[in-house]
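Participant: Sharing a structure with you now.
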Number of protein chains: 2
Amino acid sequence: MNRKYQILLPGWIITVNQAFEILQNTAIVIEQDRIIQLLPAEEIYSLSYYAEAEIFELATHVVMPGLVNAHTHASMSLFRGLGNDLPLMEWLNQHIWPAEGQWVNAQFIRDGLKLAAAEMIQSGTTCFNDMYFYPDVVAHEVQQTGIRAVVGLIVLDFPTVWARDSQEYISKAIAVFDEMKSLPLVTAALAPHAPYTVSDQPLKEVAMYSSELELPVHMHIHETAFEVAEAEKNSGMRPLQRLDQLNLLNPNLVAVHMTELNAFEIERVAEAGVNVVHCPESNLKLASGICPVADLQSNAVNVCLGTDGAASNNDLDMFGEMRTAALLAKGTSGDARACDSRQAIEMATINGAKALGLADETGSIEVSKQADIIALDMSSLNTQPLYDVASQVVYACNSRQVTHVWVAGECLYNDSQFTTIDKDQLCQLVNQWQAKIAPESIT
Amino acid sequence: MNRKYQILLPGWIITVNQAFEILQNTAIVIEQDRIIQLLPAEEIYSLSYYAEAEIFELATHVVMPGLVNAHTHASMSLFRGLGNDLPLMEWLNQHIWPAEGQWVNAQFIRDGLKLAAAEMIQSGTTCFNDMYFYPDVVAHEVQQTGIRAVVGLIVLDFPTVWARDSQEYISKAIAVFDEMKSLPLVTAALAPHAPYTVSDQPLKEVAMYSSELELPVHMHIHETAFEVAEAEKNSGMRPLQRLDQLNLLNPNLVAVHMTELNAFEIERVAEAGVNVVHCPESNLKLASGICPVADLQSNAVNVCLGTDGAASNNDLDMFGEMRTAALLAKGTSGDARACDSRQAIEMATINGAKALGLADETGSIEVSKQADIIALDMSSLNTQPLYDVASQVVYACNSRQVTHVWVAGECLYNDSQFTTIDKDQLCQLVNQWQAKIAPESIT
């Protein structure tokens with residue numbers, strides 16, 4: 001059997017293990033798709049397979065787990081920059097939903113996914129949690145590119161290009177779930193869009209399937225004060241209360257946004273083990289509200305981080321997101337100690353992995369985990385001098401300092417070059433979409 | 001006489017003129033240090049000096065005015081990452097002030113300035129407003145590097161390495177001001193540090209010199225609620241009220257931070273023509289408070305943008321700052337229309353130039369202004385597709401997309417290479433400082 005060994009020799013390793021150890025003079029040994037050893041750098045020469053291993057000298061680099069983007073709509077990248085400086089409902093009603101009605105089809109999803117995956121790889125994301133149409137197409141494209149993803153099996157009440165009614169969404173979800181089992185880089189989540197777009201009956205089925213199949217439930221919840229107020233007006237209940245009655249508040253729930261939370265809800269979410277995905281840039285951009293991250297963290301809630309779709313962010317850069325999250329938590333809580341650099345890095349890595357049921361596979365650099373790893377060149381002027389590696393990664397690092405990205409041991413980005421993506425071809429594809437969607441923008 | 005012509009042929013020009021015109025198929029002609037023409041691209045061949053001009057083909061690029069960083073302490077870059085996740089006064093008392101006492105001297109200032117200038121040029125800043133010690137050294141180093149700066153002539157009550165008491169600060173300020181007149185890239189500002197560190201008598205002299213010499217007054221004001229509360233407790237007056245009595249509230253004032261402002265103060269600041277410098281990332285990081293940018297803008301106050309020093313940010317990246325400013329204004333005002341992409345770009349360019357008394361020279365691309373210009377390559381995946389150029393610059397662009405930077409017609413960064421800075425030599429210098437300041441961080 002043809003074994004494949006890779007040995008990384010970084011300046012620093014931010015392991016993101018339980019103790020958040022930062023190691024120096026330590027080599028990472030990868031065999032096929034897994035990390036098999038962390039050992040003193042000088043000992044690599046004694047490894048029996050040393051001669052056949054591929055060695056990566058990364059002396060000026062920080063190596064850390066690949067970032068986990070816990071909420072996005074990847075293919076929406078093709079709508080990046082359509083409708084700006086508008087509040088959520090106006091942006092959706094007047095720009096995004098009409099554009100989706102007109103343009104979204106399987107080819108759009110495939111090409112949008114390619115663009116998003118390339119942007120994510122380039123900026124250090126190795127795993128993303130997606131929610132959009134054509135999850136079957138997303139899953140195959142993910143596997144093709146070599147990135148890791150949790151593909152959301154979308155559920156809605158109303159008809160779209162993907163399904164007619166909740167029953168069809170659910171039956172297609174189960175069919176796609178079965179189909180995806182053969183794709184090693186892909187796992188599934190049930191993705192009921194939001195409390196205001198999915199009624200009780202399909203949500204009960206989602207709760208049942210989630211429990212039976214041990215699947216995460218990926219859902220927008222309490223995104224705006226308006227959403228909560230409308231629900232209270234129409235049903236006398238806040239959305240979280242309704243989801244609680246439907247048995248959805250449990251460790252499978254990946255609750256996205258959560259900008260409107262009262263003290264009782266924070267306690268209930270903590271007690272139920274619900275995972276919260278903070279999307280600071282999208283929430284700010286749409287003026288949706290601000291997730292109370294410091295309060296959630298002090299209640300030991302698992303808070304992770306997402307970019308949301310590029311249409312409301314407008315990039316998929318998790319380094320930017322991590323920094324915004326750390327800064328915003330301090331600024332809004334009035335406590336400069338809130339969301340420190342360690343917490344920010346954990347939010348962007350292991351916490352996301354936990355929320356997605358992937359904590360045994362990704363989110364940290366530990367022996368036996370998948371080799372989902374990134375390297376950042378810290379010799380860049382903006383990260384010099386270097387007194388505190390974790391702080392530099394959060395507060396000073398630019399995502400362009402990512403030079404290497406491995407997913408499941410495959411080096412997808414090597415010395416700032418893609419290995420599975422043809423960038424020029426991709427740009428041509430994107431240009432064709434741009435010419436169709438907004439011909440006036442092409443000169 | 002040896003004339004020097006340069007012709008830029010960009011895909012798009014964000015002029016930041018009064019009408020915020022975005023031009024296509026337009027060439028920019030630079031003669032020596034100035035923009036002498038904007039003309040249809042196809043007409044360049046008929047220019048008499050076309051054959052001797054240097055041509056820059058920038059078809060995939062946005063060209064815009066260089067960014068104006070309206071508040072920084074450039075040389076503090078050597079302290080980047082010392083003391084993180086701490087509130088302002090603890091960070092100052094326990095980390096920054098002791099480090100300054102131990103390390104700041106003329107050589108520190110020179111080397112720190114080199115690092116900061118390089119980082120700023122690389123990320124598209126062409127002019128910065130500085131406040132720190134040894135302004136004479138700063139001024140000479142600025143001229144050497146070729147960037148533009150407004151050098152703050154610092155005034156304090158207490159002794160530092162630069163002066164013993166306010167009288168010596170002021171006499172040195174006037175001496176350095178005279179000395180700097182021969183440096184074309186440098187202008188001066190009076191820089192009384194803050195209301196709580198400068199007493200009435202020196203502030204009266206600052207007001208007098210500012211009015212006589214027409215100099216900006218660069219000052220930290222209302223940085224935290226604590227500062228305002230202490231002043232009220234000790235003097236019965238809020239700092240802005242005291243500065244008003246000292247005749248400092250006028251269009252020369254460049255008031256930095258301003259996180260604590262009541263409705264009366266916003267009105268007074270607007271009426272007096274005071275310029276406000278918003279430093280969102282530093283204010284968030286130190287949990288100092290949040291400047292009410294949307295309210296100030298709706299009162300027609302000139303709001304500009306600064307990074308603050310790298311020690312509290314922790315980079316000097318004005319693209320990141322612009323984006324954070326736009327997002328934060330929306331999030332905190334609850335209005336997604338607040339601080340739109342046009343306003344964000346103006347804050348980072350022309351508004352800074354206005355505040356610093358340089359609006360006739362820099363901050364926009366207009367005929368007869370200094371050629372302070374940057375080019376951004378928009379073919380990057382994170383800025384594709386491209387429906388709205390201004391929105392893409394604010395919400396999706398990474399500062400590493402800056403490929404060219406001109407200051408006063410001098411191309412300081414050409415196809416992502418420095419022309420006046422030796423990066424390797426600079427990194428060695430920085431490394432030596434790191435080894436002195438924190439020997440344990442060097443491995």
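Chains: A, B, ... in order of the structure tokens. Residues: from 1 per chain. Ligands: from 1, in order shown.
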Let's see if you can do this: from backbone DSSP, list all strand (DSSP E or B) residues in stretch 228-411 of chain B, as a PyMOL selection string.
Facilitator: chain B and resi 253-257+275-278+302-305+370+373-377+402-407+410-411
Participant: Residues within 7 Å of stretch 64-78 of chain A, please, as a ChimeraX atom specification. Count only C-alpha atoms; anything in the same chain fewer than 5 positions from it doesn't count.
Facilitator: /A:13-15,109,112-113,115-116,124-132,277,304-311,318,348-349,352-353,363-365,372-375 /B:385
Participant: Could you tell me, as a ChimeraX atom specification, which residues of stretch 79-252 of chain A DSSP assigns to helix (DSSP H, G or I) when given the backbone?
Facilitator: /A:79,88-103,106-122,135-145,166-180,200-213,225-235,239-245
Participant: Chain A residues within 6 Å of chain B, counting only C-alpha atoms: which ones, as a ChimeraX atom specification?
Facilitator: /A:85-87,119,284-287,314-315,327,330-331,334-337,340,381-382,385,387,395-396,434,441
Participant: Quick one: residues within 10 Å of B:Asp244, only C-alpha atoms, excluding same-chain residues fewer than 5 positions away - as a ChimeraX atom specification?
Facilitator: /B:239,249-250,268-269,272
Participant: In Å, with one decimal, what is the gap from atom CA of A:Ala99 to atom CA of A:Tyr134?
Facilitator: 16.3 Å
Participant: So that I can check the surroundings of stretch 162-166 of chain A, please list as an mmCIF file with C-alpha atoms, in the first residue's frame every protein, DNA and RNA residue that reaches within 10 Å of it, counting only C-alpha atoms and ignoring chain neighbours fewer than 2 positions away.
Facilitator:
```cif
data_model
loop_
_atom_site.group_PDB
_atom_site.id
_atom_site.type_symbol
_atom_site.label_atom_id
_atom_site.label_comp_id
_atom_site.auth_asym_id
_atom_site.auth_seq_id
_atom_site.Cartn_x
_atom_site.Cartn_y
_atom_site.Cartn_z
ATOM 1 C CA VAL A 104 -30.782 30.065 -8.941
ATOM 2 C CA ASN A 105 -30.527 26.692 -10.619
ATOM 3 C CA ALA A 106 -28.174 23.733 -10.303
ATOM 4 C CA TYR A 132 -28.979 26.709 0.503
ATOM 5 C CA PHE A 133 -30.812 25.059 -2.369
ATOM 6 C CA TYR A 134 -29.620 21.942 -4.285
ATOM 7 C CA PRO A 135 -27.728 20.388 -1.360
ATOM 8 C CA ILE A 154 -33.117 22.865 3.530
ATOM 9 C CA VAL A 155 -36.730 22.854 4.715
ATOM 10 C CA LEU A 156 -39.260 25.596 3.990
ATOM 11 C CA ASP A 157 -43.047 25.855 3.870
ATOM 12 C CA PHE A 158 -43.235 27.615 0.534
ATOM 13 C CA PRO A 159 -42.307 26.584 -2.996
ATOM 14 C CA THR A 160 -38.912 27.370 -4.465
ATOM 15 C CA GLU A 168 -41.200 17.560 -0.622
ATOM 16 C CA TYR A 169 -38.374 19.440 1.130
ATOM 17 C CA ILE A 170 -38.277 16.739 3.782
ATOM 18 C CA SER A 171 -38.453 13.801 1.417
ATOM 19 C CA LYS A 172 -35.714 15.337 -0.742
ATOM 20 C CA PRO A 192 -35.179 24.379 8.506
ATOM 21 C CA VAL A 198 -41.299 26.695 8.680
ATOM 22 C CA SER A 199 -44.490 25.637 10.469
ATOM 23 C CA GLN A 201 -45.586 20.041 11.480
ATOM 24 C CA PRO A 202 -42.356 20.026 9.420
ATOM 25 C CA LEU A 203 -40.428 21.209 12.493
#
```
Participant: Excluding B:Glu230 and its own-chain neighbours fewer than 6 positions away, which residues fall within 12 Å of it when counting only C-alpha atoms? Please give them as a list in words.
Facilitator: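 Counting only C-alpha atoms, the residues come to Pro195, Tyr196, His222, Thr224, Gly236, Met237, Arg238 and Pro239 of chain B.
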Participant: Take the residues from that selection and write them out as an mmCIF file, in the first residue's frame, keeping C-alpha atoms.
Facilitator:
```cif
data_model
loop_
_atom_site.group_PDB
_atom_site.id
_atom_site.type_symbol
_atom_site.label_atom_id
_atom_site.label_comp_id
_atom_site.auth_asym_id
_atom_site.auth_seq_id
_atom_site.Cartn_x
_atom_site.Cartn_y
_atom_site.Cartn_z
ATOM 1 C CA PRO B 195 -7.741 67.102 28.570
ATOM 2 C CA TYR B 196 -6.641 65.062 31.594
ATOM 3 C CA HIS B 222 -13.822 61.988 25.559
ATOM 4 C CA THR B 224 -13.994 56.894 27.774
ATOM 5 C CA GLY B 236 -17.588 70.176 37.685
ATOM 6 C CA MET B 237 -17.126 70.350 33.935
ATOM 7 C CA ARG B 238 -17.096 67.858 31.093
ATOM 8 C CA PRO B 239 -13.843 68.068 29.110
#
```
Participant: Please identify all polymer residues within 6 Å of A:Val276, counting only C-alpha atoms, omitting same-chain residues fewer than 4 positions from it, and present them as a PyMOL selection string.
Facilitator: chain A and resi 254-256+303
Participant: Find, counting only C-alpha atoms, the residue in B:Phe20, B:Cys279, B:Gln167, B:Leu356 that gets nearest to B:Glu214.
Facilitator: B:Leu356
Participant: Please report the interatomic distance between atom CA of A:Ile44 and atom CA of A:Lys4 in Å with one decimal.
Facilitator: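 Result for atom CA of A:Ile44 versus atom CA of A:Lys4: 15.4 Å, one decimal.
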